[in-house]
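As provided, entry.cif (mmCIF, C-alpha atoms) reads as follows.
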```cif
data_my_file
#
loop_
_atom_site.label_atom_id
_atom_site.label_comp_id
_atom_site.auth_asym_id
_atom_site.auth_seq_id
_atom_site.Cartn_x
_atom_site.Cartn_y
_atom_site.Cartn_z
CA MET A 1313 -251.71 -100.32 -143.83
CA GLU A 1314 -254.01 -98.38 -141.56
CA LYS A 1315 -253.03 -98.63 -137.91
CA GLU A 1316 -255.50 -100.54 -135.76
CA ARG A 1317 -257.24 -98.29 -133.27
CA GLY A 1318 -256.60 -98.82 -129.56
CA LEU A 1319 -259.32 -99.85 -127.12
CA LEU A 1320 -261.09 -97.38 -124.86
CA ILE A 1321 -261.28 -98.86 -121.35
CA VAL A 1322 -263.70 -97.11 -118.99
CA LEU A 1323 -263.33 -97.84 -115.28
CA SER A 1324 -266.26 -96.63 -113.25
CA GLY A 1325 -268.43 -97.58 -110.28
CA PRO A 1326 -270.19 -96.13 -107.27
CA SER A 1327 -268.61 -93.34 -105.25
CA GLY A 1328 -266.13 -94.58 -102.70
CA VAL A 1329 -265.55 -97.96 -104.33
CA GLY A 1330 -261.85 -97.20 -104.82
CA LYS A 1331 -261.70 -96.40 -108.55
CA GLY A 1332 -258.77 -94.00 -108.11
CA THR A 1333 -256.74 -96.46 -106.05
CA VAL A 1334 -257.26 -99.28 -108.54
CA ARG A 1335 -256.49 -97.00 -111.49
CA LYS A 1336 -253.24 -95.80 -109.88
CA ALA A 1337 -252.23 -99.38 -109.09
CA ILE A 1338 -252.81 -100.41 -112.73
CA MET A 1339 -250.88 -97.44 -114.08
CA ASN A 1340 -247.99 -98.13 -111.69
CA GLU A 1341 -247.56 -101.54 -113.24
CA ASP A 1342 -245.84 -102.27 -116.50
CA THR A 1343 -248.75 -101.74 -118.84
CA ASP A 1344 -249.36 -100.41 -122.33
CA LEU A 1345 -252.45 -98.54 -121.15
CA GLN A 1346 -252.43 -94.77 -121.52
CA TYR A 1347 -254.26 -92.91 -118.77
CA SER A 1348 -256.48 -90.05 -119.87
CA ILE A 1349 -256.05 -87.32 -117.26
CA SER A 1350 -259.27 -85.58 -116.28
CA MET A 1351 -259.75 -81.83 -116.25
CA THR A 1352 -261.20 -79.99 -113.26
CA THR A 1353 -261.90 -76.54 -111.90
CA ARG A 1354 -261.42 -77.58 -108.30
CA GLN A 1355 -258.32 -76.46 -106.40
CA PRO A 1356 -255.35 -78.85 -106.33
CA ARG A 1357 -255.07 -80.74 -103.04
CA GLU A 1358 -251.80 -81.09 -101.15
CA GLY A 1359 -249.37 -83.00 -103.38
CA GLU A 1360 -251.52 -82.99 -106.52
CA MET A 1361 -249.76 -81.90 -109.71
CA ASP A 1362 -251.16 -80.27 -112.82
CA GLY A 1363 -250.91 -82.68 -115.75
CA VAL A 1364 -250.40 -85.67 -113.45
CA ASP A 1365 -253.43 -85.93 -111.20
CA TYR A 1366 -255.63 -83.53 -113.15
CA PHE A 1367 -255.42 -80.69 -115.60
CA PHE A 1368 -256.38 -77.79 -113.34
CA LYS A 1369 -258.34 -75.13 -115.25
CA SER A 1370 -260.28 -72.00 -114.48
CA LYS A 1371 -264.04 -72.01 -114.68
CA GLU A 1372 -263.85 -69.87 -117.84
CA GLU A 1373 -261.41 -72.21 -119.55
CA PHE A 1374 -263.58 -75.21 -118.68
CA GLU A 1375 -266.76 -73.56 -119.94
CA LYS A 1376 -265.03 -72.70 -123.22
CA MET A 1377 -264.09 -76.42 -123.57
CA ILE A 1378 -267.76 -77.32 -123.06
CA ALA A 1379 -268.89 -74.69 -125.59
CA ASP A 1380 -266.29 -75.88 -128.13
CA ASN A 1381 -267.43 -79.49 -127.72
CA LYS A 1382 -263.95 -80.50 -126.59
CA LEU A 1383 -265.06 -82.76 -123.73
CA LEU A 1384 -266.01 -86.38 -124.12
CA GLU A 1385 -267.99 -86.16 -120.89
CA TRP A 1386 -268.29 -83.69 -118.09
CA ALA A 1387 -270.23 -83.15 -114.88
CA GLU A 1388 -270.51 -80.70 -112.02
CA PHE A 1389 -270.03 -81.83 -108.41
CA VAL A 1390 -270.37 -79.49 -105.45
CA GLY A 1391 -269.68 -76.42 -107.56
CA ASN A 1392 -266.70 -77.77 -109.53
CA TYR A 1393 -266.48 -79.10 -113.07
CA TYR A 1394 -264.85 -82.43 -113.95
CA GLY A 1395 -264.43 -83.70 -117.50
CA THR A 1396 -262.46 -85.70 -120.07
CA PRO A 1397 -260.75 -83.81 -122.93
CA VAL A 1398 -261.71 -85.59 -126.16
CA ASP A 1399 -258.58 -84.74 -128.20
CA TYR A 1400 -256.17 -86.78 -126.09
CA VAL A 1401 -258.49 -89.80 -126.19
CA GLU A 1402 -259.02 -89.63 -129.96
CA GLN A 1403 -255.36 -89.00 -130.74
CA THR A 1404 -254.12 -91.83 -128.52
CA LEU A 1405 -256.65 -94.36 -129.82
CA SER A 1406 -255.75 -93.49 -133.41
CA GLU A 1407 -252.09 -94.18 -132.59
CA GLY A 1408 -253.20 -97.73 -131.78
CA LYS A 1409 -252.79 -97.36 -128.01
CA ASP A 1410 -255.36 -98.35 -125.40
CA VAL A 1411 -256.73 -95.53 -123.26
CA LEU A 1412 -257.94 -95.87 -119.67
CA LEU A 1413 -260.59 -93.48 -118.32
CA GLU A 1414 -261.47 -93.49 -114.64
CA ILE A 1415 -264.73 -91.60 -114.27
CA GLU A 1416 -268.01 -91.36 -112.40
CA VAL A 1417 -271.01 -93.42 -113.45
CA GLN A 1418 -272.84 -90.43 -114.99
CA GLY A 1419 -269.83 -89.70 -117.20
CA ALA A 1420 -269.43 -93.34 -118.20
CA MET A 1421 -272.91 -93.37 -119.70
CA GLN A 1422 -272.09 -90.23 -121.74
CA VAL A 1423 -268.95 -91.95 -123.03
CA ARG A 1424 -270.90 -95.06 -124.03
CA LYS A 1425 -272.89 -92.96 -126.51
CA HIS A 1426 -269.74 -91.88 -128.34
CA PHE A 1427 -267.83 -95.14 -127.94
CA PRO A 1428 -270.31 -98.01 -128.08
CA ASN A 1429 -267.35 -100.38 -128.65
CA GLY A 1430 -265.52 -99.20 -125.55
CA VAL A 1431 -264.89 -101.69 -122.74
CA PHE A 1432 -266.94 -100.61 -119.74
CA ILE A 1433 -265.87 -102.04 -116.38
CA PHE A 1434 -268.01 -101.58 -113.28
CA LEU A 1435 -265.93 -101.71 -110.10
CA MET A 1436 -268.10 -103.19 -107.39
CA PRO A 1437 -267.83 -102.78 -103.65
CA PRO A 1438 -267.06 -106.14 -102.00
CA SER A 1439 -269.91 -105.77 -99.56
CA LEU A 1440 -272.44 -106.70 -102.25
CA SER A 1441 -271.25 -110.30 -102.37
CA GLU A 1442 -271.48 -110.54 -98.61
CA LEU A 1443 -274.91 -109.02 -98.64
CA ARG A 1444 -276.92 -112.18 -98.79
CA SER A 1445 -275.19 -113.77 -95.83
CA ARG A 1446 -275.47 -110.54 -93.88
CA ILE A 1447 -279.13 -110.21 -94.72
CA THR A 1448 -279.91 -113.82 -93.93
CA ASN A 1449 -278.07 -113.46 -90.60
CA ARG A 1450 -280.60 -110.78 -89.92
CA GLY A 1451 -280.82 -111.39 -86.19
CA THR A 1452 -277.79 -109.12 -85.86
CA GLU A 1453 -279.09 -106.22 -87.98
CA THR A 1454 -281.94 -103.78 -87.59
CA ASP A 1455 -284.60 -103.68 -90.30
CA ASP A 1456 -283.47 -100.19 -91.27
CA VAL A 1457 -279.90 -101.30 -91.87
CA ILE A 1458 -281.10 -104.26 -93.92
CA ASN A 1459 -283.54 -102.21 -95.96
CA ASN A 1460 -280.92 -99.59 -96.68
CA ARG A 1461 -278.41 -102.21 -97.80
CA MET A 1462 -280.97 -103.81 -100.06
CA LYS A 1463 -281.79 -100.45 -101.62
CA VAL A 1464 -278.15 -99.56 -102.25
CA ALA A 1465 -277.44 -103.02 -103.66
CA LYS A 1466 -280.40 -102.82 -106.02
CA GLU A 1467 -279.36 -99.40 -107.28
CA GLU A 1468 -275.85 -100.70 -107.90
CA ILE A 1469 -277.15 -103.69 -109.82
CA GLU A 1470 -279.21 -101.40 -112.01
CA LEU A 1471 -276.10 -99.38 -112.83
CA MET A 1472 -274.09 -102.51 -113.54
CA GLU A 1473 -276.55 -103.51 -116.29
CA ASN A 1474 -274.98 -100.87 -118.56
CA TYR A 1475 -271.46 -102.27 -118.30
CA ASP A 1476 -269.58 -105.07 -120.04
CA TYR A 1477 -267.76 -106.36 -116.97
CA VAL A 1478 -268.28 -106.30 -113.23
CA VAL A 1479 -265.12 -106.54 -111.11
CA GLU A 1480 -265.22 -106.80 -107.35
CA ASN A 1481 -262.75 -104.57 -105.53
CA ASP A 1482 -262.13 -106.96 -102.66
CA ARG A 1483 -258.37 -106.42 -102.88
CA VAL A 1484 -256.71 -103.80 -105.05
CA GLU A 1485 -254.14 -106.20 -106.53
CA LEU A 1486 -256.83 -108.76 -107.41
CA ALA A 1487 -259.00 -106.08 -109.03
CA CYS A 1488 -255.94 -104.97 -111.06
CA GLU A 1489 -255.22 -108.51 -112.26
CA ARG A 1490 -258.83 -108.95 -113.36
CA ILE A 1491 -258.86 -105.65 -115.23
CA LYS A 1492 -255.58 -106.44 -116.98
CA ALA A 1493 -256.96 -109.84 -118.05
CA ILE A 1494 -260.08 -108.11 -119.39
CA VAL A 1495 -258.00 -105.67 -121.46
CA THR A 1496 -255.93 -108.54 -122.89
CA ALA A 1497 -258.98 -110.68 -123.64
CA GLU A 1498 -260.84 -107.82 -125.36
CA HIS A 1499 -258.08 -107.58 -127.95
CA TYR A 1500 -258.93 -111.12 -129.05
CA ARG A 1501 -262.71 -110.79 -129.30
CA LYS A 1502 -263.86 -112.07 -132.65
CA ASP A 1503 -266.04 -109.01 -133.24
CA ARG A 1504 -262.96 -106.80 -133.08
CA LEU A 1505 -260.81 -109.07 -135.27
CA VAL A 1506 -263.03 -110.41 -138.00
CA ASP A 1507 -263.20 -107.03 -139.78
CA LYS A 1508 -259.43 -106.72 -139.59
CA TYR A 1509 -258.98 -110.10 -141.24
CA LYS A 1510 -261.63 -109.37 -143.83
CA LYS A 1511 -259.86 -106.11 -144.71
CA LEU A 1512 -256.59 -107.99 -144.86
CA LEU A 1513 -258.00 -110.02 -147.73
CA GLU A 1514 -259.36 -107.02 -149.63
CA VAL A 1515 -256.47 -106.80 -152.04
CA GLU A 1516 -256.75 -105.57 -155.62
CA MET B 1174 -276.60 -121.41 -101.74
CA GLU B 1175 -276.49 -123.02 -105.16
CA LYS B 1176 -272.97 -123.42 -106.44
CA GLU B 1177 -272.17 -121.26 -109.44
CA ARG B 1178 -271.61 -123.33 -112.56
CA GLY B 1179 -268.17 -123.39 -114.13
CA LEU B 1180 -267.46 -122.08 -117.62
CA LEU B 1181 -267.16 -124.33 -120.64
CA ILE B 1182 -264.11 -123.29 -122.67
CA VAL B 1183 -263.92 -124.69 -126.19
CA LEU B 1184 -260.57 -124.50 -127.96
CA SER B 1185 -260.81 -125.25 -131.64
CA GLY B 1186 -259.40 -124.19 -135.00
CA PRO B 1187 -258.27 -125.56 -138.34
CA SER B 1188 -256.38 -128.85 -138.55
CA GLY B 1189 -252.69 -128.51 -137.90
CA VAL B 1190 -252.95 -125.17 -136.09
CA GLY B 1191 -251.48 -126.67 -132.91
CA LYS B 1192 -254.58 -127.05 -130.71
CA GLY B 1193 -253.15 -130.08 -128.90
CA THR B 1194 -249.83 -128.39 -128.18
CA VAL B 1195 -251.50 -125.26 -126.83
CA ARG B 1196 -253.95 -127.29 -124.74
CA LYS B 1197 -251.13 -129.37 -123.22
CA ALA B 1198 -249.15 -126.23 -122.44
CA ILE B 1199 -252.17 -124.67 -120.67
CA MET B 1200 -252.87 -127.81 -118.67
CA ASN B 1201 -249.19 -128.07 -117.64
CA GLU B 1202 -249.44 -124.66 -116.02
CA ASP B 1203 -250.97 -123.95 -112.66
CA THR B 1204 -254.56 -123.55 -113.71
CA ASP B 1205 -258.01 -124.31 -112.33
CA LEU B 1206 -259.17 -125.58 -115.71
CA GLN B 1207 -260.29 -129.20 -115.91
CA TYR B 1208 -259.50 -130.91 -119.19
CA SER B 1209 -262.24 -133.04 -120.67
CA ILE B 1210 -260.52 -136.08 -122.15
CA SER B 1211 -261.88 -137.17 -125.52
CA MET B 1212 -262.96 -140.69 -126.34
CA THR B 1213 -261.76 -142.49 -129.47
CA THR B 1214 -261.83 -145.83 -131.22
CA ARG B 1215 -258.42 -145.36 -132.81
CA GLN B 1216 -255.44 -147.35 -131.55
CA PRO B 1217 -253.23 -145.69 -128.91
CA ARG B 1218 -250.02 -144.33 -130.38
CA GLU B 1219 -246.62 -144.95 -128.80
CA GLY B 1220 -246.63 -143.39 -125.33
CA GLU B 1221 -250.38 -142.54 -125.25
CA MET B 1222 -252.21 -143.62 -122.10
CA ASP B 1223 -255.86 -144.52 -121.60
CA GLY B 1224 -257.54 -141.89 -119.43
CA VAL B 1225 -254.73 -139.39 -120.00
CA ASP B 1226 -254.53 -138.72 -123.73
CA TYR B 1227 -257.84 -140.34 -124.64
CA PHE B 1228 -260.33 -142.84 -123.37
CA PHE B 1229 -259.69 -145.69 -125.79
CA LYS B 1230 -262.88 -147.61 -126.57
CA SER B 1231 -264.04 -150.31 -128.95
CA LYS B 1232 -266.27 -149.40 -131.87
CA GLU B 1233 -269.18 -151.16 -130.13
CA GLU B 1234 -268.68 -149.24 -126.89
CA PHE B 1235 -268.51 -145.96 -128.80
CA GLU B 1236 -271.63 -146.69 -130.83
CA LYS B 1237 -273.49 -147.52 -127.62
CA MET B 1238 -272.44 -144.10 -126.23
CA ILE B 1239 -273.86 -142.46 -129.39
CA ALA B 1240 -277.09 -144.47 -129.13
CA ASP B 1241 -277.44 -143.60 -125.43
CA ASN B 1242 -276.93 -139.90 -126.16
CA LYS B 1243 -273.89 -139.83 -123.89
CA LEU B 1244 -271.70 -137.73 -126.19
CA LEU B 1245 -271.71 -133.96 -126.31
CA GLU B 1246 -270.25 -134.10 -129.80
CA TRP B 1247 -268.70 -136.77 -131.96
CA ALA B 1248 -267.31 -137.24 -135.44
CA GLU B 1249 -265.70 -139.89 -137.60
CA PHE B 1250 -262.28 -139.33 -139.18
CA VAL B 1251 -260.61 -141.86 -141.45
CA GLY B 1252 -262.61 -144.73 -140.03
CA ASN B 1253 -262.28 -143.86 -136.33
CA TYR B 1254 -264.69 -142.21 -133.95
CA TYR B 1255 -263.76 -139.25 -131.73
CA GLY B 1256 -266.12 -137.69 -129.19
CA THR B 1257 -266.66 -135.90 -125.87
CA PRO B 1258 -268.45 -137.76 -123.05
CA VAL B 1259 -271.18 -135.45 -121.75
CA ASP B 1260 -271.30 -136.74 -118.14
CA TYR B 1261 -267.82 -135.53 -117.19
CA VAL B 1262 -268.50 -132.08 -118.65
CA GLU B 1263 -271.87 -131.69 -116.91
CA GLN B 1264 -270.62 -133.05 -113.59
CA THR B 1265 -267.52 -130.84 -113.53
CA LEU B 1266 -269.40 -127.67 -114.53
CA SER B 1267 -271.98 -128.31 -111.82
CA GLU B 1268 -269.15 -128.54 -109.27
CA GLY B 1269 -268.32 -124.95 -110.24
CA LYS B 1270 -265.15 -125.84 -112.13
CA ASP B 1271 -264.24 -124.60 -115.60
CA VAL B 1272 -263.88 -127.29 -118.27
CA LEU B 1273 -261.59 -127.11 -121.30
CA LEU B 1274 -262.48 -128.98 -124.50
CA GLU B 1275 -260.00 -129.21 -127.34
CA ILE B 1276 -261.91 -130.36 -130.39
CA GLU B 1277 -262.26 -130.07 -134.16
CA VAL B 1278 -264.30 -127.28 -135.72
CA GLN B 1279 -267.21 -129.60 -136.65
CA GLY B 1280 -267.50 -130.73 -133.02
CA ALA B 1281 -267.28 -127.17 -131.71
CA MET B 1282 -270.40 -126.18 -133.62
CA GLN B 1283 -272.28 -129.17 -132.14
CA VAL B 1284 -271.22 -128.05 -128.65
CA ARG B 1285 -272.39 -124.49 -129.31
CA LYS B 1286 -275.95 -125.79 -129.71
CA HIS B 1287 -275.94 -127.33 -126.23
CA PHE B 1288 -273.83 -124.64 -124.54
CA PRO B 1289 -274.67 -121.29 -126.14
CA ASN B 1290 -272.97 -119.60 -123.15
CA GLY B 1291 -269.72 -121.50 -123.61
CA VAL B 1292 -266.57 -119.57 -124.44
CA PHE B 1293 -265.52 -120.49 -127.98
CA ILE B 1294 -261.91 -119.76 -128.89
CA PHE B 1295 -260.68 -120.08 -132.46
CA LEU B 1296 -256.97 -120.78 -132.61
CA MET B 1297 -255.65 -119.17 -135.77
CA PRO B 1298 -252.57 -120.07 -137.77
CA PRO B 1299 -250.08 -117.20 -137.73
CA SER B 1300 -249.76 -117.16 -141.49
CA LEU B 1301 -253.10 -115.38 -141.86
CA SER B 1302 -251.74 -112.17 -140.42
CA GLU B 1303 -248.79 -112.30 -142.79
CA LEU B 1304 -251.06 -113.00 -145.68
CA ARG B 1305 -251.57 -109.48 -146.89
CA SER B 1306 -247.88 -108.66 -147.04
CA ARG B 1307 -247.18 -111.96 -148.78
CA ILE B 1308 -249.96 -111.36 -151.26
CA THR B 1309 -248.95 -107.79 -151.94
CA ASN B 1310 -245.33 -108.92 -152.42
CA ARG B 1311 -246.74 -111.02 -155.17
CA GLY B 1312 -243.73 -110.84 -157.43
CA THR B 1313 -242.33 -113.75 -155.46
CA GLU B 1314 -245.41 -116.00 -155.58
CA THR B 1315 -247.20 -117.78 -158.39
CA ASP B 1316 -250.87 -116.96 -158.98
CA ASP B 1317 -251.80 -120.48 -157.88
CA VAL B 1318 -250.07 -120.11 -154.55
CA ILE B 1319 -251.73 -116.75 -153.97
CA ASN B 1320 -255.17 -117.98 -154.98
CA ASN B 1321 -254.87 -121.01 -152.75
CA ARG B 1322 -253.82 -118.90 -149.77
CA MET B 1323 -256.71 -116.54 -150.35
CA LYS B 1324 -259.14 -119.45 -150.50
CA VAL B 1325 -257.82 -121.03 -147.29
CA ALA B 1326 -257.82 -117.67 -145.49
CA LYS B 1327 -261.39 -116.94 -146.53
CA GLU B 1328 -262.58 -120.34 -145.34
CA GLU B 1329 -260.87 -119.80 -142.01
CA ILE B 1330 -262.46 -116.38 -141.61
CA GLU B 1331 -265.87 -117.90 -142.24
CA LEU B 1332 -265.26 -120.46 -139.49
CA MET B 1333 -264.04 -117.78 -137.11
CA GLU B 1334 -267.38 -115.96 -137.38
CA ASN B 1335 -268.93 -118.59 -135.10
CA TYR B 1336 -266.48 -118.06 -132.26
CA ASP B 1337 -266.22 -115.56 -129.39
CA TYR B 1338 -262.45 -115.09 -129.56
CA VAL B 1339 -259.73 -115.45 -132.16
CA VAL B 1340 -256.25 -116.17 -130.83
CA GLU B 1341 -253.23 -116.34 -133.06
CA ASN B 1342 -250.89 -119.26 -132.39
CA ASP B 1343 -247.71 -117.42 -133.29
CA ARG B 1344 -245.94 -118.74 -130.19
CA VAL B 1345 -247.36 -121.40 -127.88
CA GLU B 1346 -246.59 -119.47 -124.68
CA LEU B 1347 -248.23 -116.31 -126.05
CA ALA B 1348 -251.31 -118.22 -127.17
CA CYS B 1349 -251.50 -119.73 -123.64
CA GLU B 1350 -251.30 -116.33 -121.96
CA ARG B 1351 -254.08 -114.97 -124.17
CA ILE B 1352 -256.33 -117.95 -123.51
CA LYS B 1353 -255.76 -117.71 -119.75
CA ALA B 1354 -256.63 -113.99 -119.84
CA ILE B 1355 -259.81 -114.80 -121.78
CA VAL B 1356 -260.87 -117.40 -119.18
CA THR B 1357 -260.25 -114.92 -116.35
CA ALA B 1358 -262.06 -112.09 -118.12
CA GLU B 1359 -265.09 -114.23 -118.95
CA HIS B 1360 -265.72 -114.78 -115.25
CA TYR B 1361 -266.28 -111.03 -114.90
CA ARG B 1362 -268.63 -110.48 -117.84
CA LYS B 1363 -271.67 -108.60 -116.67
CA ASP B 1364 -274.03 -111.01 -118.44
CA ARG B 1365 -272.69 -113.86 -116.30
CA LEU B 1366 -272.79 -111.90 -113.05
CA VAL B 1367 -275.91 -109.78 -113.09
CA ASP B 1368 -278.19 -112.79 -112.58
CA LYS B 1369 -276.03 -113.96 -109.68
CA TYR B 1370 -276.34 -110.57 -107.98
CA LYS B 1371 -280.05 -110.39 -108.68
CA LYS B 1372 -280.50 -113.83 -107.10
CA LEU B 1373 -278.41 -112.71 -104.18
CA LEU B 1374 -281.03 -110.08 -103.43
CA GLU B 1375 -283.99 -112.43 -103.76
CA VAL B 1376 -284.40 -112.99 -100.04
CA GLU B 1377 -287.77 -113.55 -98.44
#
```

Give the structure from the file, written as structure tokens.
Amino acid sequence: MEKERGLLIVLSGPSGVGKGTVRKAIMNEDTDLQYSISMTTRQPREGEMDGVDYFFKSKEEFEKMIADNKLLEWAEFVGNYYGTPVDYVEQTLSEGKDVLLEIEVQGAMQVRKHFPNGVFIFLMPPSLSELRSRITNRGTETDDVINNRMKVAKEEIELMENYDYVVENDRVELACERIKAIVTAEHYRKDRLVDKYKKLLEVE
Amino acid sequence: MEKERGLLIVLSGPSGVGKGTVRKAIMNEDTDLQYSISMTTRQPREGEMDGVDYFFKSKEEFEKMIADNKLLEWAEFVGNYYGTPVDYVEQTLSEGKDVLLEIEVQGAMQVRKHFPNGVFIFLMPPSLSELRSRITNRGTETDDVINNRMKVAKEEIELMENYDYVVENDRVELACERIKAIVTAEHYRKDRLVDKYKKLLEVE
């Protein structure tokens, strides 16, 4: 019997929301998720290890990966490349294991094209939920501060439209619990199961 | 600020799958779910209490509830009525609490019409997943047994098409964990949140 493919879980969200911290906290727990390590051309920081934090590559190596179509998504930030090697993701999913990607919002939208059935989770800064009360208490804020917050919040909401789930990162351990529940629940979605059961009956 | 409505969680599945056992196990745990007690005209069984297991009503009282449109769903089985009073469900949801219904498949489809955004969970007998291996080991089974299993399995798969989730009841505690994860995850679905965040920004 063909092995059921794993789920691709994409954790993304605005810069500075704490994606890396939440991802590390999830991976430190007892979980069946496999983390897909990103590839980068930037220099390792103090304490970072090749094959743990990132795969550190030269610019030439990275550009060959792009040319060979070996990256699921990639982007350039301040002169360095960042990307997700496709082989690890494909191999791990085909072994029936769930894969976690932690990537920037631009990359997430590239991944959606190749994995429309992936589970896309938007990690949201907690300030958004406090926004209304802050805005309505406007006596304490300048118009500029309010207008800027409104603008940022609206941009974030537009990004969130492309995701399946929106999880507030108010506390890392709460965000982790929510994400783990989402991964569990997604395994039981009818759309993912009905084909399996139909196949199960295709005997003869 | 308007209170967010709770989620309606509908647990259903074929007769004899163990819906009642799973529902009791969930409600015995520390959960925020509110159980919507069904109403029936059948006699209480040994140990059953009015307002705990069911609301026990006379046939006349029940028929008045039907006439007054006070039931979210109802059905007749072997000469007795069973139904879900709508007021408790509406009231509890509007207080922002999640409501659990445990009902037969016919009733679940009636509820879907009134609550298209409810979370519909199909509890599946574990035998379905063993079906293929049993069928393919057909040396040990008569054709009649195989044909009957195929027929039952196909009917169950057709029912499952109408649900959001399919949870196997292989072990009660596992089924409970899956259902609790589904309830948690559903609170973070983008479709449920994006309107909330949009509203949040509608100031002035």

Original post:
Using the chain letters and numbers from the file, which residues does the PyMOL selection byres ((chain A) within 10 of (chain B)) grab, as an MDAnalysis selection string?
Top reply: chainID A and resid 1313 1432:1434 1440:1445 1447:1448 1462:1463 1465:1466 1468:1470 1472:1480 1489:1516

Subject >> Evaluate the PyMOL selection byres ((chain A and resi 1322-1324) around 7) and report residues as a list in words >> reply: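 That expression, the PyMOL selection byres ((chain A and resi 1322-1324) around 7), corresponds here to Leu1320, Ile1321, Gly1325, Lys1331, Leu1412, Leu1413, Glu1414, Ile1415, Glu1416, Val1417, Ala1420, Val1431, Phe1432, Ile1433, Phe1434 and Leu1435 of chain A.
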
Original post:
For Phe1288 in chain B, which residue out of B:Gly1179, B:Pro1217, B:Gly1252, B:Gly1224 is the nearest one, using all atoms listed in the file?
Top reply: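 Checking each of B:Gly1179, B:Pro1217, B:Gly1252, B:Gly1224 against Phe1288 in chain B, counting all atoms listed in the file, the winner is B:Gly1179.
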
Please expand the PyMOL selection byres ((chain B and resi 1200) around 12) into the concrete residues it hits in this file, giving the result as a CSV table (one decimal) with C-alpha atoms, in the frame of the given file.
```csv
chain,number,residue,atom,x,y,z
B,1193,GLY,CA,-253.2,-130.1,-128.9
B,1194,THR,CA,-249.8,-128.4,-128.2
B,1195,VAL,CA,-251.5,-125.3,-126.8
B,1196,ARG,CA,-254.0,-127.3,-124.7
B,1197,LYS,CA,-251.1,-129.4,-123.2
B,1198,ALA,CA,-249.2,-126.2,-122.4
B,1199,ILE,CA,-252.2,-124.7,-120.7
B,1201,ASN,CA,-249.2,-128.1,-117.6
B,1202,GLU,CA,-249.4,-124.7,-116.0
B,1203,ASP,CA,-251.0,-124.0,-112.7
B,1204,THR,CA,-254.6,-123.6,-113.7
B,1205,ASP,CA,-258.0,-124.3,-112.3
B,1206,LEU,CA,-259.2,-125.6,-115.7
B,1207,GLN,CA,-260.3,-129.2,-115.9
B,1208,TYR,CA,-259.5,-130.9,-119.2
B,1209,SER,CA,-262.2,-133.0,-120.7
B,1210,ILE,CA,-260.5,-136.1,-122.2
B,1225,VAL,CA,-254.7,-139.4,-120.0
B,1272,VAL,CA,-263.9,-127.3,-118.3
B,1273,LEU,CA,-261.6,-127.1,-121.3
B,1274,LEU,CA,-262.5,-129.0,-124.5
B,1275,GLU,CA,-260.0,-129.2,-127.3
B,1349,CYS,CA,-251.5,-119.7,-123.6
B,1352,ILE,CA,-256.3,-118.0,-123.5
B,1353,LYS,CA,-255.8,-117.7,-119.8
```

Original post:
What gap, in Å, lies between CA of Phe1228 in chain B and CA of Gln1216 in chain B?
Top reply: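 Taking CA of Phe1228 in chain B and CA of Gln1216 in chain B, their separation equals 10.5 Å.
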
Original post:
What does the distance between CA of Phe1389 in chain A and CA of Met1436 in chain A come to in Å, to one decimal place?
Top reply: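 CA of Phe1389 in chain A sits 21.5 Å away from CA of Met1436 in chain A.
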
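CA of Asn1342 in chain B lies 21.9 Å from CA of Arg1317 in chain A.
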
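Distance annotation: of B:Asn1253, B:Thr1214, B:Gln1264, B:Asn1321, the residue with the minimal separation from Glu1234 in chain B is B:Thr1214; atom set is only C-alpha atoms.
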
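Using all atoms listed in the file for every distance, the candidate list A:Phe1368, A:Met1377, A:Gly1430, A:Glu1467 yields A:Gly1430 as the residue closest to Asp1410 in chain A.
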
Original post:
Could you name the residues that touch range 1378-1383 of chain A at 6 Å or less, counting only C-alpha atoms, but leaving out those on the same chain fewer than 5 positions away, as a PyMOL selection string?
Top reply: chain A and resi 1396-1398
